[in-house]
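The next block is data-v7.cif, given as mmCIF, C-alpha atoms and all ligand atoms.
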data_coords
loop_
_atom_site.label_atom_id
_atom_site.label_comp_id
_atom_site.auth_asym_id
_atom_site.auth_seq_id
_atom_site.Cartn_x
_atom_site.Cartn_y
_atom_site.Cartn_z
CA LEU P 133 30.20 -54.81 3.79
CA ALA P 134 27.53 -53.10 5.88
CA LYS P 135 30.20 -51.94 8.28
CA ASP P 136 32.35 -50.57 5.48
CA ASN P 137 29.38 -48.81 4.08
CA GLY P 138 28.61 -47.25 7.42
CA ARG P 139 32.14 -46.03 7.84
CA ASN P 140 32.18 -44.46 4.38
CA THR P 141 28.90 -42.75 5.08
CA TYR P 142 30.26 -41.49 8.35
CA ALA P 143 33.46 -40.21 6.76
CA PHE P 144 31.46 -38.49 4.06
CA TYR P 145 29.18 -36.95 6.65
CA THR P 146 31.97 -35.52 8.82
CA GLN P 147 33.74 -34.19 5.76
CA ALA P 148 30.56 -32.41 4.70
CA LEU P 149 30.06 -31.06 8.20
CA THR P 150 33.61 -29.80 8.42
CA GLN P 151 33.27 -28.11 5.08
CA HIS P 152 30.02 -26.53 6.22
CA ALA P 153 31.59 -25.39 9.49
CA ARG P 154 34.61 -24.02 7.67
CA GLU P 155 32.38 -22.07 5.30
CA ARG P 156 30.48 -20.59 8.22
CA ILE P 157 33.64 -19.52 10.01
CA ALA P 158 34.96 -17.92 6.84
CA LEU P 159 31.66 -16.14 6.25
CA GLU P 160 31.52 -14.97 9.84
CA SER P 161 34.91 -13.29 9.72
CA SER P 162 34.22 -11.66 6.37
CA LEU P 163 30.77 -10.49 7.47
CA HIS P 164 32.34 -7.96 9.85
CA GLN P 165 34.23 -6.61 6.88
CA ALA P 166 31.14 -6.69 4.67
CA ILE P 167 29.23 -4.39 6.99
CA SER P 168 31.98 -1.80 7.32
CA GLY P 169 33.19 -2.27 3.75
CA ARG P 170 29.84 -1.52 2.10
CA GLN P 171 29.24 -4.98 0.64
CA LEU P 172 25.65 -5.15 1.86
CA ARG P 173 22.96 -4.26 -0.68
CA VAL P 174 19.34 -3.43 -0.16
CA TYR P 175 16.90 -4.85 -2.69
CA TYR P 176 13.27 -3.79 -2.90
CA GLN P 177 10.16 -5.80 -3.65
CA PRO P 178 6.84 -4.13 -4.54
CA GLN P 179 3.64 -4.64 -2.60
CA VAL P 180 0.57 -4.11 -4.76
CA ASP P 181 -3.09 -3.25 -4.31
CA LEU P 182 -4.98 -6.27 -5.68
CA GLY P 183 -7.85 -4.04 -6.78
CA THR P 184 -5.92 -1.50 -8.85
CA GLY P 185 -2.59 -3.25 -9.46
CA HIS P 186 -0.80 -0.14 -8.17
CA ILE P 187 2.31 -0.38 -6.06
CA ILE P 188 1.46 0.78 -2.55
CA GLY P 189 4.70 -0.02 -0.79
CA LEU P 190 8.04 -1.74 -0.93
CA GLU P 191 9.82 -4.23 1.30
CA ALA P 192 13.54 -3.75 1.83
CA LEU P 193 15.45 -7.05 1.70
CA VAL P 194 19.15 -7.37 2.44
CA ARG P 195 21.71 -9.00 0.12
CA TRP P 196 25.46 -9.49 0.48
CA GLN P 197 27.59 -8.78 -2.56
CA HIS P 198 30.38 -11.15 -1.58
CA PRO P 199 33.70 -10.58 -3.37
CA GLU P 200 34.14 -14.30 -4.14
CA HIS P 201 30.75 -15.96 -3.76
CA GLY P 202 28.71 -13.33 -5.59
CA LEU P 203 25.29 -12.09 -4.47
CA LEU P 204 24.19 -13.95 -1.34
CA THR P 205 20.56 -14.11 -0.14
CA PRO P 206 19.67 -13.81 3.56
CA ASP P 207 19.34 -17.57 4.13
CA ARG P 208 23.08 -17.90 3.47
CA PHE P 209 24.29 -15.30 5.93
CA LEU P 210 21.62 -14.18 8.42
CA PRO P 211 22.08 -17.34 10.56
CA VAL P 212 25.80 -16.52 10.60
CA ALA P 213 24.99 -12.92 11.55
CA VAL P 214 22.80 -14.05 14.46
CA ASN P 215 25.64 -16.23 15.83
CA ALA P 216 28.18 -13.46 15.40
CA GLY P 217 25.96 -10.87 17.09
CA LEU P 218 25.82 -8.84 13.87
CA MET P 219 22.07 -8.89 13.32
CA ILE P 220 21.43 -5.46 14.83
CA SER P 221 24.16 -3.83 12.71
CA ILE P 222 22.59 -5.32 9.59
CA ASP P 223 19.08 -4.24 10.54
CA GLU P 224 20.24 -0.71 11.29
CA TYR P 225 22.12 -0.51 8.01
CA VAL P 226 19.07 -1.66 6.04
CA LEU P 227 16.78 0.70 7.96
CA ASN P 228 18.97 3.66 7.18
CA GLN P 229 19.37 2.81 3.50
CA ALA P 230 15.66 2.14 3.12
CA CYS P 231 14.68 5.43 4.79
CA GLN P 232 17.11 7.34 2.58
CA GLN P 233 15.84 5.66 -0.57
CA MET P 234 12.18 6.15 0.39
CA GLN P 235 12.74 9.85 1.05
CA ARG P 236 14.41 10.19 -2.38
CA TRP P 237 11.49 8.50 -4.10
CA LEU P 238 8.93 10.63 -2.28
CA ALA P 239 10.91 13.78 -3.12
CA ALA P 240 10.96 12.67 -6.77
CA GLY P 241 7.16 12.56 -6.68
CA PHE P 242 6.61 8.80 -6.68
CA ASP P 243 3.32 7.69 -5.19
CA LEU P 244 4.22 5.34 -2.34
CA GLN P 245 2.47 4.70 0.96
CA HIS P 246 5.17 2.88 2.91
CA MET P 247 8.59 1.32 3.04
CA ALA P 248 8.69 -1.94 5.01
CA VAL P 249 11.83 -2.97 6.88
CA ASN P 250 12.38 -6.28 8.69
CA MET P 251 13.13 -6.13 12.39
CA SER P 252 14.98 -9.05 13.99
CA GLY P 253 14.04 -10.34 17.42
CA SER P 254 17.42 -9.28 18.80
CA TRP P 255 16.91 -5.71 17.66
CA LEU P 256 13.63 -5.52 19.55
CA GLU P 257 15.07 -7.35 22.57
CA ARG P 258 18.12 -5.17 22.91
CA GLY P 259 16.02 -2.08 23.17
CA GLN P 260 17.68 0.67 21.16
CA VAL P 261 15.28 0.06 18.32
CA VAL P 262 13.07 3.03 19.21
CA ASP P 263 16.03 5.45 19.24
CA SER P 264 17.49 3.95 16.07
CA VAL P 265 14.21 4.41 14.25
CA LYS P 266 13.83 7.97 15.50
CA GLN P 267 17.35 8.77 14.34
CA ALA P 268 16.99 7.11 10.94
CA LEU P 269 13.80 9.06 10.25
CA ALA P 270 15.33 12.37 11.39
CA ARG P 271 18.63 11.86 9.57
CA ASN P 272 16.86 11.15 6.30
CA GLY P 273 14.02 13.62 6.71
CA LEU P 274 11.44 10.85 6.33
CA HIS P 275 8.04 11.27 7.94
CA ALA P 276 7.20 8.39 10.30
CA GLN P 277 3.98 7.54 8.45
CA TYR P 278 6.03 6.18 5.54
CA LEU P 279 7.88 3.57 7.58
CA GLU P 280 6.59 0.12 8.48
CA LEU P 281 8.51 -2.43 10.55
CA GLU P 282 7.92 -6.17 10.11
CA LEU P 283 8.28 -8.61 12.97
CA THR P 284 7.75 -12.35 12.44
CA GLU P 285 4.83 -13.96 14.19
CA THR P 286 7.22 -16.12 16.21
CA GLU P 287 9.09 -13.06 17.49
CA ALA P 288 5.89 -11.15 18.05
CA MET P 289 4.52 -13.89 20.30
CA ARG P 290 7.77 -14.45 22.18
CA HIS P 291 8.12 -10.97 23.50
CA SER P 292 7.88 -9.74 27.04
CA GLU P 293 5.95 -6.84 28.53
CA LEU P 294 9.02 -4.70 27.91
CA ASN P 295 8.97 -5.50 24.22
CA MET P 296 5.27 -4.77 24.13
CA GLU P 297 6.09 -1.32 25.50
CA ARG P 298 8.72 -0.87 22.80
CA LEU P 299 6.21 -1.78 20.12
CA ASP P 300 3.83 0.77 21.61
CA SER P 301 6.62 3.40 21.56
CA LEU P 302 7.33 2.61 17.92
CA ARG P 303 3.67 3.11 17.08
CA HIS P 304 3.68 6.38 19.01
CA LEU P 305 6.44 7.60 16.71
CA GLY P 306 3.84 7.28 13.96
CA ILE P 307 5.26 4.29 12.10
CA SER P 308 3.22 1.16 11.37
CA LEU P 309 3.88 -2.46 12.29
CA ALA P 310 3.28 -5.68 10.38
CA ILE P 311 3.36 -9.30 11.51
CA ASP P 312 5.49 -11.24 9.04
CA ASP P 313 5.08 -14.92 8.07
CA PHE P 314 1.67 -15.05 9.74
CA GLY P 315 0.26 -18.54 10.21
CA THR P 316 3.60 -20.27 10.77
CA GLY P 317 3.96 -19.41 14.47
CA TYR P 318 1.76 -20.06 17.44
CA SER P 319 -0.34 -16.99 17.92
CA SER P 320 -2.18 -16.39 21.09
CA LEU P 321 -5.29 -14.58 19.95
CA MET P 322 -5.30 -12.65 23.21
CA ARG P 323 -1.81 -11.38 22.50
CA LEU P 324 -2.57 -10.69 18.88
CA LYS P 325 -5.51 -8.55 19.95
CA ARG P 326 -3.23 -6.53 22.25
CA LEU P 327 -0.40 -6.07 19.75
CA PRO P 328 -0.28 -2.58 18.23
CA VAL P 329 -0.14 -4.01 14.72
CA ASN P 330 -1.62 -2.63 11.47
CA ARG P 331 -0.96 -5.44 9.04
CA LEU P 332 -0.87 -9.22 8.79
CA LYS P 333 1.34 -10.82 6.14
CA ILE P 334 -0.06 -14.21 5.15
CA ASP P 335 2.91 -16.55 4.87
CA ARG P 336 3.92 -17.92 1.49
CA ASP P 337 3.37 -21.47 2.81
CA PHE P 338 -0.39 -20.97 2.52
CA VAL P 339 -0.22 -19.27 -0.87
CA ARG P 340 2.13 -21.61 -2.71
CA ASP P 341 -0.37 -24.39 -3.46
CA LEU P 342 -3.38 -22.19 -4.15
CA PRO P 343 -5.82 -22.45 -5.79
CA HIS P 344 -5.68 -26.28 -5.66
CA ASP P 345 -4.97 -27.04 -2.01
CA GLN P 346 -8.27 -26.90 -0.12
CA ASN P 347 -6.62 -26.86 3.32
CA ASP P 348 -4.38 -23.94 2.45
CA ALA P 349 -7.36 -22.13 0.98
CA ALA P 350 -9.27 -22.66 4.23
CA ILE P 351 -6.33 -21.34 6.28
CA ALA P 352 -5.88 -18.29 4.06
CA ARG P 353 -9.59 -17.59 4.34
CA ALA P 354 -9.42 -17.90 8.14
CA ILE P 355 -6.42 -15.53 8.38
CA ILE P 356 -8.22 -12.99 6.20
CA ALA P 357 -11.34 -13.19 8.40
CA LEU P 358 -9.19 -12.79 11.51
CA GLY P 359 -7.39 -9.76 10.09
CA GLN P 360 -10.65 -8.18 9.00
CA SER P 361 -12.23 -8.58 12.42
CA LEU P 362 -9.15 -7.10 14.11
CA GLN P 363 -9.21 -4.24 11.58
CA MET P 364 -5.80 -5.08 10.18
CA GLU P 365 -4.63 -4.71 6.60
CA LEU P 366 -3.90 -8.01 4.86
CA ILE P 367 -1.14 -8.82 2.44
CA ALA P 368 -0.40 -12.21 0.89
CA GLU P 369 3.27 -13.14 0.44
CA GLY P 370 4.72 -15.21 -2.36
CA VAL P 371 2.03 -14.64 -4.98
CA GLU P 372 3.38 -16.14 -8.20
CA THR P 373 0.34 -16.73 -10.40
CA VAL P 374 -2.72 -14.84 -11.62
CA GLU P 375 -4.92 -17.65 -10.26
CA GLN P 376 -3.50 -17.15 -6.77
CA ALA P 377 -4.07 -13.39 -6.99
CA GLU P 378 -7.64 -13.88 -8.18
CA LEU P 379 -8.54 -16.34 -5.45
CA LEU P 380 -7.00 -14.18 -2.73
CA THR P 381 -8.89 -11.16 -4.05
CA ALA P 382 -12.15 -13.12 -4.04
CA MET P 383 -11.43 -14.10 -0.43
CA GLY P 384 -11.16 -10.43 0.55
CA CYS P 385 -7.39 -10.02 0.67
CA THR P 386 -6.49 -6.48 -0.42
CA ASN P 387 -2.72 -6.53 -1.03
CA ALA P 388 -0.12 -8.91 -2.42
CA GLN P 389 3.61 -9.30 -2.82
CA GLY P 390 5.38 -11.85 -4.97
CA TYR P 391 7.22 -12.83 -8.14
CA LEU P 392 4.02 -12.29 -10.16
CA TYR P 393 4.61 -8.55 -9.72
CA SER P 394 8.36 -8.43 -9.27
CA ARG P 395 11.25 -10.17 -7.60
CA PRO P 396 13.25 -8.10 -5.12
CA VAL P 397 15.46 -5.84 -7.28
CA PRO P 398 17.96 -2.99 -6.82
CA ALA P 399 16.51 0.53 -6.39
CA ALA P 400 17.22 1.57 -9.98
CA GLU P 401 15.09 -1.30 -11.31
CA ILE P 402 12.13 -0.32 -9.12
CA GLU P 403 11.81 3.18 -10.55
CA PRO P 404 10.31 2.23 -13.94
CA LEU P 405 7.56 0.38 -12.02
CA LEU P 406 6.53 3.35 -9.89
CA GLN P 407 3.80 5.88 -10.58
CA HIS P 408 4.00 9.59 -9.99
CA VAL P 409 1.58 11.30 -7.61
CA GLY P 410 -1.42 12.57 -9.55
CA SER P 411 -0.52 10.63 -12.69
CA THR P 412 -3.68 9.43 -14.43
CA GLU P 413 -2.24 6.79 -16.73
CA GLU P 414 -3.32 3.26 -15.85
P1 LIG P 501 10.45 -12.21 4.51
O1 LIG P 501 10.58 -10.94 5.28
O2 LIG P 501 9.25 -13.04 4.73
O3 LIG P 501 10.62 -11.77 2.99
C1 LIG P 501 10.00 -12.41 1.92
C2 LIG P 501 10.91 -13.41 1.26
O4 LIG P 501 10.18 -14.13 0.29
C3 LIG P 501 12.07 -12.77 0.51
O5 LIG P 501 13.18 -13.66 0.57
C4 LIG P 501 11.54 -12.69 -0.92
O6 LIG P 501 12.56 -12.67 -1.89
C5 LIG P 501 10.77 -13.99 -0.98
N1 LIG P 501 9.70 -13.94 -1.99
C6 LIG P 501 8.92 -12.88 -2.29
N2 LIG P 501 8.02 -13.20 -3.23
C7 LIG P 501 8.23 -14.50 -3.53
C8 LIG P 501 7.60 -15.41 -4.46
O7 LIG P 501 6.66 -15.08 -5.19
N3 LIG P 501 8.08 -16.68 -4.50
C9 LIG P 501 9.11 -17.07 -3.72
N4 LIG P 501 9.53 -18.33 -3.83
N5 LIG P 501 9.73 -16.25 -2.82
C10 LIG P 501 9.28 -14.97 -2.73
P2 LIG P 501 14.64 -13.16 0.91
O8 LIG P 501 14.89 -11.80 0.32
O9 LIG P 501 15.57 -14.28 0.59
O10 LIG P 501 14.57 -12.97 2.48
C11 LIG P 501 14.34 -14.07 3.32
C12 LIG P 501 14.08 -13.64 4.74
O11 LIG P 501 15.25 -13.03 5.31
C13 LIG P 501 13.00 -12.57 4.86
O12 LIG P 501 11.74 -13.16 4.80
C14 LIG P 501 13.32 -11.99 6.22
O13 LIG P 501 12.80 -12.79 7.25
C15 LIG P 501 14.83 -12.08 6.25
N6 LIG P 501 15.42 -10.75 5.94
C16 LIG P 501 15.71 -10.20 4.74
N7 LIG P 501 16.27 -8.97 4.87
C17 LIG P 501 16.32 -8.73 6.22
C18 LIG P 501 16.78 -7.63 7.02
O14 LIG P 501 17.24 -6.58 6.54
N8 LIG P 501 16.66 -7.77 8.39
C19 LIG P 501 16.13 -8.89 8.96
N9 LIG P 501 16.07 -8.94 10.30
N10 LIG P 501 15.70 -9.93 8.25
C20 LIG P 501 15.78 -9.84 6.88
MG MG P 502 9.47 -9.42 5.75
MG MG P 503 7.46 -12.76 5.25
MG MG P 504 8.30 -15.54 4.69
#
How would this structure read if it were set down as structure tokens?
Ligand code: C2E
Ligand code: MG
Ligand code: MG
Ligand code: MG
Amino acid sequence: LAKDNGRNTYAFYTQALTQHARERIALESSLHQAISGRQLRVYYQPQVDLGTGHIIGLEALVRWQHPEHGLLTPDRFLPVAVNAGLMISIDEYVLNQACQQMQRWLAAGFDLQHMAVNMSGSWLERGQVVDSVKQALARNGLHAQYLELELTETEAMRHSELNMERLDSLRHLGISLAIDDFGTGYSSLMRLKRLPVNRLKIDRDFVRDLPHDQNDAAIARAIIALGQSLQMELIAEGVETVEQAELLTAMGCTNAQGYLYSRPVPAAEIEPLLQHVGSTEE
């Protein structure tokens, strides 16, 4: 009986694996098409000032409007994109769309400080990132001060001297840099001190169980103290409740992003949330 059981489990397992592999292969071949065929979408999620509640910036997040599977989130297709060597194409597409959209919003008089775009490790590694950014800004007439690039802590710590030079070049263009998912990687404090970074994004892992989890509260407090002493802006990711926002504010965190304010939504749905420059309504 045990043996039978084992065999069934095994058969089930391989079947599941094969199905998973098949799905990946299918996704991989249609991803090429998705990029050229305009199936990628850029959604935007607000970042707010915890003091005033005003939107200070937006993060651009990629989606894939798949003809059969519907709207796919990054966890479904970015691993496929990495394998297929398509990550840079996706990042460049999102960068360009986000710059274009930001320039439109600024031209329309919306009061926004920055547009944040995620930068994959491969984009930084492969080296054309500085030129791509320069071109995207020029093509869309966006001033560098309005663009922020996010690099995960893991990627930020992995990089070589060459990548450090690229980050410096990006900063020299006038854009800002944020470390994404901070607290989940293995930061060398020496390296962190040398990185030309303006902002730390406290990972959602340490926000999720606030205000109840004492350990997470201690970690969040430590990250905030670290950011303050390195003169970096701090933003908490994944804020879903008023209690979380209040505790983070009390701890000295200045900005937040999360479902409490808005999920990532298409550009048209962001507009009603934005304020015009000089508008006095609260
Ligand atoms: P991330 O850059 O850390 O982005 C934040 C993620 O947390 C987003 O997931 C967002 O939808 C989600 N999120 C925000 N607020 C909340 C909240 O209150 N609760 C919960 N449960 N989740 C929240 P999303 O859009 O699925 O993106 C996942 C990851 O995929 C991103 O994490 C980023 O690492 C990557 N990604 C997305 N777009 C791009 C892109 O254009 N290029 C690159 N290289 N990576 C991207
Ligand atoms: Mg991000
Ligand atoms: Mg993040
Ligand atoms: Mg995250």
| field | Proximity to Ser221 of chain P - best of P:Leu172, P:Met247, P:Ala240, P:Ala354, all atoms listed in the file | value |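 The answer is P:Leu172, which sits nearest to Ser221 of chain P.
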Quick one: residues within 12 Å of Leu299 of chain P, all atoms listed in the file, excluding same-chain residues fewer than 5 positions away - as a PDB file with C-alpha atoms, in the frame of the given file?
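Okay, this is what ended up in around_10.pdb:
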ATOM      1  CA  MET P 251      13.130  -6.130  12.390  1.00  0.00           C
ATOM      2  CA  GLY P 253      14.040 -10.340  17.420  1.00  0.00           C
ATOM      3  CA  TRP P 255      16.910  -5.710  17.660  1.00  0.00           C
ATOM      4  CA  LEU P 256      13.630  -5.520  19.550  1.00  0.00           C
ATOM      5  CA  GLU P 257      15.070  -7.350  22.570  1.00  0.00           C
ATOM      6  CA  GLY P 259      16.020  -2.080  23.170  1.00  0.00           C
ATOM      7  CA  GLN P 260      17.680   0.670  21.160  1.00  0.00           C
ATOM      8  CA  VAL P 261      15.280   0.060  18.320  1.00  0.00           C
ATOM      9  CA  VAL P 262      13.070   3.030  19.210  1.00  0.00           C
ATOM     10  CA  VAL P 265      14.210   4.410  14.250  1.00  0.00           C
ATOM     11  CA  GLU P 280       6.590   0.120   8.480  1.00  0.00           C
ATOM     12  CA  LEU P 281       8.510  -2.430  10.550  1.00  0.00           C
ATOM     13  CA  GLU P 282       7.920  -6.170  10.110  1.00  0.00           C
ATOM     14  CA  LEU P 283       8.280  -8.610  12.970  1.00  0.00           C
ATOM     15  CA  GLU P 287       9.090 -13.060  17.490  1.00  0.00           C
ATOM     16  CA  ALA P 288       5.890 -11.150  18.050  1.00  0.00           C
ATOM     17  CA  HIS P 291       8.120 -10.970  23.500  1.00  0.00           C
ATOM     18  CA  SER P 292       7.880  -9.740  27.040  1.00  0.00           C
ATOM     19  CA  GLU P 293       5.950  -6.840  28.530  1.00  0.00           C
ATOM     20  CA  LEU P 294       9.020  -4.700  27.910  1.00  0.00           C
ATOM     21  CA  HIS P 304       3.680   6.380  19.010  1.00  0.00           C
ATOM     22  CA  LEU P 305       6.440   7.600  16.710  1.00  0.00           C
ATOM     23  CA  GLY P 306       3.840   7.280  13.960  1.00  0.00           C
ATOM     24  CA  ILE P 307       5.260   4.290  12.100  1.00  0.00           C
ATOM     25  CA  SER P 308       3.220   1.160  11.370  1.00  0.00           C
ATOM     26  CA  LEU P 309       3.880  -2.460  12.290  1.00  0.00           C
ATOM     27  CA  ALA P 310       3.280  -5.680  10.380  1.00  0.00           C
ATOM     28  CA  ILE P 311       3.360  -9.300  11.510  1.00  0.00           C
ATOM     29  CA  ARG P 326      -3.230  -6.530  22.250  1.00  0.00           C
ATOM     30  CA  LEU P 327      -0.400  -6.070  19.750  1.00  0.00           C
ATOM     31  CA  PRO P 328      -0.280  -2.580  18.230  1.00  0.00           C
ATOM     32  CA  VAL P 329      -0.140  -4.010  14.720  1.00  0.00           C
ATOM     33  CA  ASN P 330      -1.620  -2.630  11.470  1.00  0.00           C
TER      34      ASN P 330
END
| Protein and nucleic acid residues within 10 Å of ligand MG 503 (chain P) (only C-alpha atoms and all ligand atoms) as a ChimeraX atom specification | /P:191,250,282-285,310-314,332-337,367-370,389
| message | When you count all atoms listed in the file, which of these residues is closest to ligand MG 502 (chain P): P:His275, P:Arg331, P:His152, P:Arg173? | response | P:Arg331
Contacts between segment 391-403 of chain P and segment 167-195 of chain P, please, where a residue of segment 167-195 of chain P counts if it comes within 6 Å (with all atoms listed in the file); show its shortest atom pair and distance in Å to one decimal, rows by chain and ascending number, as CSV.
residue,atom,partner,partner_atom,distance
P:Tyr175,CA,P:Pro398,CA,4.7
P:Tyr176,CA,P:Pro396,CA,4.8
P:Gln177,CA,P:Pro396,CA,4.1
With C-alpha atoms retained, could you export that selection as a PDB file, keeping the file's coordinate frame?
ATOM      1  CA  TYR P 175      16.900  -4.850  -2.690  1.00  0.00           C
ATOM      2  CA  TYR P 176      13.270  -3.790  -2.900  1.00  0.00           C
ATOM      3  CA  GLN P 177      10.160  -5.800  -3.650  1.00  0.00           C
TER       4      GLN P 177
END
| task | Kindly indicate which residue among P:Leu380, P:Pro178, P:Ser301, P:Ser319 lies nearest to ligand MG 502 (chain P), using all atoms listed in the file for the distances. | result | P:Pro178
| task | Using atom N2 of ligand LIG 501 (chain P) and atom CA of Arg340 of chain P as the two end points, give the distance in Å to one decimal. | result |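 Between atom N2 of ligand LIG 501 (chain P) and atom CA of Arg340 of chain P the gap is 10.3 Å.
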| Coordinates-based distance that separates atom C19 of ligand LIG 501 (chain P) from atom CA of Asp223 of chain P (Å, one decimal) |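 Atom CA of Asp223 of chain P sits 5.7 Å away from atom C19 of ligand LIG 501 (chain P).
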| query | Any idea what the distance is between atom CA of Ser252 of chain P and atom P1 of ligand LIG 501 (chain P)? | reply |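 Pair atom CA of Ser252 of chain P / atom P1 of ligand LIG 501 (chain P) returns 11.0 Å.
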